[in-house]
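So the structure is just underneath, and the comments pick up after that.
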Amino acid sequence: MSLDGLIILDKPPGHTSHEITSFVKKITGAKRTGHAGTLDPDVSGVLPVALGRATKLLRYIAGETKTYIGIIKFRKVQTKEQIEELFRTFTGELVQTPPKISAVRKVPRKRTVYYLKLLEISDSNPRLALFEAKVDAGTYIRTLCEDIGKRCGGARMEELRRIAVGNIRESQTVTMQDVVDAMWLLKNKKDGSLLKKIIRPAENFIDLPIVTIKNSAIDSIRSGAQIAVPAVVGFQSSAFGSNASGGLGAQSPMVSRNQKVSLFSEDGRFVGVGVTQISSDELKNQKKGIAIRLERVQI
């Protein structure tokens with residue numbers, strides 16, 4: 001059985017993302033593994049882990065946004081209205097400096113908080129508040145909580161869980177125990193059914209517009225040729241979460257120049273990822289020239 005694909009793991013707290021990825025590699029016996037979107041050791045939640053050739057697709061899977069549920073602890077008791085006002089103040093474009101524990105350069109960076117919602121204030125300890133936040137990738141929630149605290153006499157992040165990476169939701173995750181059980185079934189019972197459910201095609205999680213390519217062009221693409229206009233069947237919207245093939249029609253999106261797209265053959269095989277050289281409108285009136293430059297070939 002091929003060990004190329006993506007495991008949407010529910011990372012447990014207490015381990016680094018690198019440790020978890022190494023555990024998966026050892027358990028499955030995959031030649032190589034990698035993960036998208038590093039989580040702090042004490043943070044749980046959605047961690048996409050790629051196996052084999054799928055590691056080359058992680059940069060397209062990581063997602064530009066992350067969604068979290070967390071607990072913030074205020075030094076002084078805040079009313080519901082006060083917390084909601086604080087959260088409104090920290091919604092939108094912000095400037096953050098990565099914390100000392102981060103491995104990246106400690107320089108200010110612009111990040112967007114798309115929403116920051118108060119979910120609940122603890123009855124037993126009114127200094128604790130449950131919140132949900134959707135933010136740009138690379139936003140530090142711990143720093144966000146500390147910056148909020150500077151406006152109200154002090155606050156810190158108590159707990160955090162990531163519930164989404166882009167459009168990948170926690171409902172799609174499996175546990176480390178699920179992975180162990182699946183490998184046990186494969187090795188001891190020759191039953192790979194559970195593993196097939198756990199290791200999913202990485203291309204199904206690439207949220208990009210799809211371009212369908214003629215089957216007759218696949219051999220040339222394997223040899224390194226760029227995709228010419230006559231090879232393009234048509235464009236369609238992202239089929240995030242499912243395989244896809246198709247042509248021009250009511251579902252066709254407007255695709256601009258220099259836009260990343262997923263490439264599929266007419267018979268539904270994933271070809272790779274490319275960058276458009278013409279728009280979907282220009283394609284209708286153009287007979288020759290390069291339509292897409294290849295960025296990653298997987299076929």
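So you can find residues: chains in the structure tokens are A, B, ... in the order shown, residues in each start at 1, and ligands are numbered from 1 in order.
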Task: Contact residues around stretch 153-162 of chain A with only C-alpha atoms at 10 Å, ignoring same-chain residues under 3 positions, as a ChimeraX atom specification - done: /A:10-13,39-40,42-47,66-77,127-134,141-150,165,169-170
Just N, CA and C atoms for this one: save the residues we selected as a tab-separated table (two decimals), in the first residue's frame.
```tsv
chain	number	residue	atom	x	y	z
A	10	ASP	N	-5.19	15.14	14.93
A	10	ASP	CA	-5.56	15.93	16.10
A	10	ASP	C	-4.36	15.87	17.04
A	11	LYS	N	-3.52	16.88	16.96
A	11	LYS	CA	-2.29	16.88	17.76
A	11	LYS	C	-2.62	16.98	19.24
A	12	PRO	N	-2.06	16.06	20.04
A	12	PRO	CA	-2.26	16.16	21.49
A	12	PRO	C	-1.31	17.19	22.09
A	13	PRO	N	-1.66	17.78	23.23
A	13	PRO	CA	-0.73	18.69	23.90
A	13	PRO	C	0.43	17.92	24.51
A	39	LEU	N	2.47	23.96	15.61
A	39	LEU	CA	1.76	24.27	16.85
A	39	LEU	C	2.74	24.21	18.02
A	40	ASP	N	2.58	25.11	18.99
A	40	ASP	CA	3.39	25.05	20.22
A	40	ASP	C	3.14	23.73	20.93
A	42	ASP	N	2.23	22.96	23.91
A	42	ASP	CA	1.05	22.89	24.78
A	42	ASP	C	-0.26	23.17	24.06
A	43	VAL	N	-0.21	23.34	22.74
A	43	VAL	CA	-1.41	23.62	21.95
A	43	VAL	C	-1.84	22.34	21.22
A	44	SER	N	-3.13	22.06	21.23
A	44	SER	CA	-3.67	20.88	20.55
A	44	SER	C	-4.40	21.30	19.28
A	45	GLY	N	-4.83	20.28	18.52
A	45	GLY	CA	-5.70	20.58	17.39
A	45	GLY	C	-5.19	20.15	16.04
A	46	VAL	N	-5.74	20.78	15.00
A	46	VAL	CA	-5.54	20.36	13.61
A	46	VAL	C	-4.08	20.52	13.18
A	47	LEU	N	-3.47	19.39	12.78
A	47	LEU	CA	-2.09	19.39	12.29
A	47	LEU	C	-2.03	18.48	11.07
A	66	LYS	N	-5.85	30.56	10.04
A	66	LYS	CA	-5.96	29.55	11.09
A	66	LYS	C	-7.09	29.99	12.04
A	67	THR	N	-7.81	29.02	12.58
A	67	THR	CA	-8.90	29.32	13.51
A	67	THR	C	-8.64	28.59	14.83
A	68	TYR	N	-8.82	29.31	15.94
A	68	TYR	CA	-8.51	28.78	17.26
A	68	TYR	C	-9.67	29.00	18.22
A	69	ILE	N	-9.74	28.12	19.22
A	69	ILE	CA	-10.54	28.36	20.41
A	69	ILE	C	-9.58	28.37	21.59
A	70	GLY	N	-9.70	29.37	22.44
A	70	GLY	CA	-8.76	29.48	23.55
A	70	GLY	C	-9.39	30.08	24.80
A	71	ILE	N	-8.62	30.08	25.85
A	71	ILE	CA	-9.03	30.70	27.12
A	71	ILE	C	-8.04	31.81	27.46
A	72	ILE	N	-8.56	32.99	27.69
A	72	ILE	CA	-7.74	34.11	28.13
A	72	ILE	C	-8.05	34.38	29.60
A	73	LYS	N	-7.01	34.64	30.37
A	73	LYS	CA	-7.18	34.93	31.80
A	73	LYS	C	-6.80	36.38	32.06
A	74	PHE	N	-7.76	37.16	32.56
A	74	PHE	CA	-7.53	38.56	32.87
A	74	PHE	C	-7.04	38.71	34.32
A	75	ARG	N	-6.17	39.67	34.54
A	75	ARG	CA	-5.70	39.92	35.91
A	75	ARG	C	-6.82	40.51	36.76
A	76	LYS	N	-7.65	41.33	36.12
A	76	LYS	CA	-8.80	41.92	36.79
A	76	LYS	C	-10.08	41.46	36.11
A	77	VAL	N	-11.12	41.29	36.88
A	77	VAL	CA	-12.41	40.86	36.31
A	77	VAL	C	-12.92	41.90	35.32
A	127	ARG	N	-12.56	35.66	35.81
A	127	ARG	CA	-11.37	36.21	35.12
A	127	ARG	C	-11.02	35.39	33.88
A	128	LEU	N	-11.67	34.24	33.70
A	128	LEU	CA	-11.42	33.38	32.55
A	128	LEU	C	-12.50	33.57	31.51
A	129	ALA	N	-12.10	33.71	30.25
A	129	ALA	CA	-13.05	33.89	29.15
A	129	ALA	C	-12.66	32.98	27.99
A	130	LEU	N	-13.67	32.30	27.44
A	130	LEU	CA	-13.48	31.44	26.28
A	130	LEU	C	-13.72	32.27	25.01
A	131	PHE	N	-12.81	32.14	24.04
A	131	PHE	CA	-12.93	32.94	22.82
A	131	PHE	C	-12.63	32.09	21.59
A	132	GLU	N	-13.06	32.59	20.44
A	132	GLU	CA	-12.71	32.00	19.15
A	132	GLU	C	-12.10	33.08	18.28
A	133	ALA	N	-11.02	32.73	17.55
A	133	ALA	CA	-10.32	33.71	16.72
A	133	ALA	C	-9.96	33.10	15.38
A	134	LYS	N	-10.21	33.84	14.31
A	134	LYS	CA	-9.72	33.48	12.98
A	134	LYS	C	-8.70	34.51	12.57
A	141	ILE	N	-1.26	33.86	18.97
A	141	ILE	CA	-2.40	34.08	19.85
A	141	ILE	C	-1.93	34.44	21.26
A	142	ARG	N	-0.83	33.83	21.69
A	142	ARG	CA	-0.28	34.16	23.01
A	142	ARG	C	0.08	35.65	23.08
A	143	THR	N	0.72	36.15	22.03
A	143	THR	CA	1.07	37.57	21.97
A	143	THR	C	-0.18	38.43	21.90
A	144	LEU	N	-1.18	37.98	21.16
A	144	LEU	CA	-2.44	38.71	21.05
A	144	LEU	C	-3.08	38.89	22.43
A	145	CYS	N	-3.10	37.82	23.22
A	145	CYS	CA	-3.67	37.89	24.57
A	145	CYS	C	-2.88	38.85	25.46
A	146	GLU	N	-1.57	38.80	25.34
A	146	GLU	CA	-0.73	39.69	26.15
A	146	GLU	C	-0.93	41.15	25.75
A	147	ASP	N	-1.08	41.39	24.45
A	147	ASP	CA	-1.31	42.76	23.98
A	147	ASP	C	-2.67	43.27	24.45
A	148	ILE	N	-3.67	42.39	24.47
A	148	ILE	CA	-4.98	42.77	25.02
A	148	ILE	C	-4.83	43.15	26.49
A	149	GLY	N	-4.00	42.38	27.20
A	149	GLY	CA	-3.79	42.64	28.62
A	149	GLY	C	-3.18	44.01	28.89
A	150	LYS	N	-2.41	44.52	27.94
A	150	LYS	CA	-1.80	45.84	28.13
A	150	LYS	C	-2.84	46.95	28.15
A	165	VAL	N	-7.32	24.73	9.84
A	165	VAL	CA	-6.19	25.22	9.04
A	165	VAL	C	-6.77	25.50	7.67
A	169	ARG	N	-11.05	21.28	8.81
A	169	ARG	CA	-11.69	21.43	10.12
A	169	ARG	C	-11.33	20.28	11.06
A	170	GLU	N	-11.52	20.51	12.35
A	170	GLU	CA	-11.19	19.49	13.35
A	170	GLU	C	-12.07	18.25	13.20
```
Task: Near-A:Thr55 list (8 Å; only C-alpha atoms; drop same-chain fewer than 2 positions) as a list of chain:residue names - done: A:Arg32, A:Thr33, A:Gly34, A:His35, A:Ala50, A:Leu51, A:Gly52, A:Arg53, A:Leu57, A:Leu58
Task: For A:Phe23, the nearest of the candidates A:Ile199, A:Ala231, A:Val297, A:Met176, counting only C-alpha atoms - done: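 For A:Phe23, the nearest of the candidates is A:Met176.
Minimum atom-to-atom distances from A:Gly192, A:Tyr115, A:Arg200, A:Val255 to A:Phe90 were compared using only C-alpha atoms, and the lowest value belongs to A:Tyr115.
You will find atom CA of A:Arg109 at 5.3 Å from atom CA of A:Gln96.
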Open item on the list: So, with only C-alpha atoms as the atoms that count, which of A:Leu86, A:Ile292, A:Leu195, A:Leu263 lies closest to A:Gly5?
Closed with: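 Residue with the minimum atom-to-atom distance to A:Gly5: A:Leu195.
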Task: Atomic distance atom CA of A:Gly92 - atom CA of A:Lys110, expressed in Å with one decimal - done: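 The value is 10.2 Å.
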- [ ] Calculate how many Å separate atom CA of A:Thr28 from atom CA of A:Gln172, rounding to one decimal.
- [x]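 Separation of atom CA of A:Thr28 and atom CA of A:Gln172: 19.5 Å.
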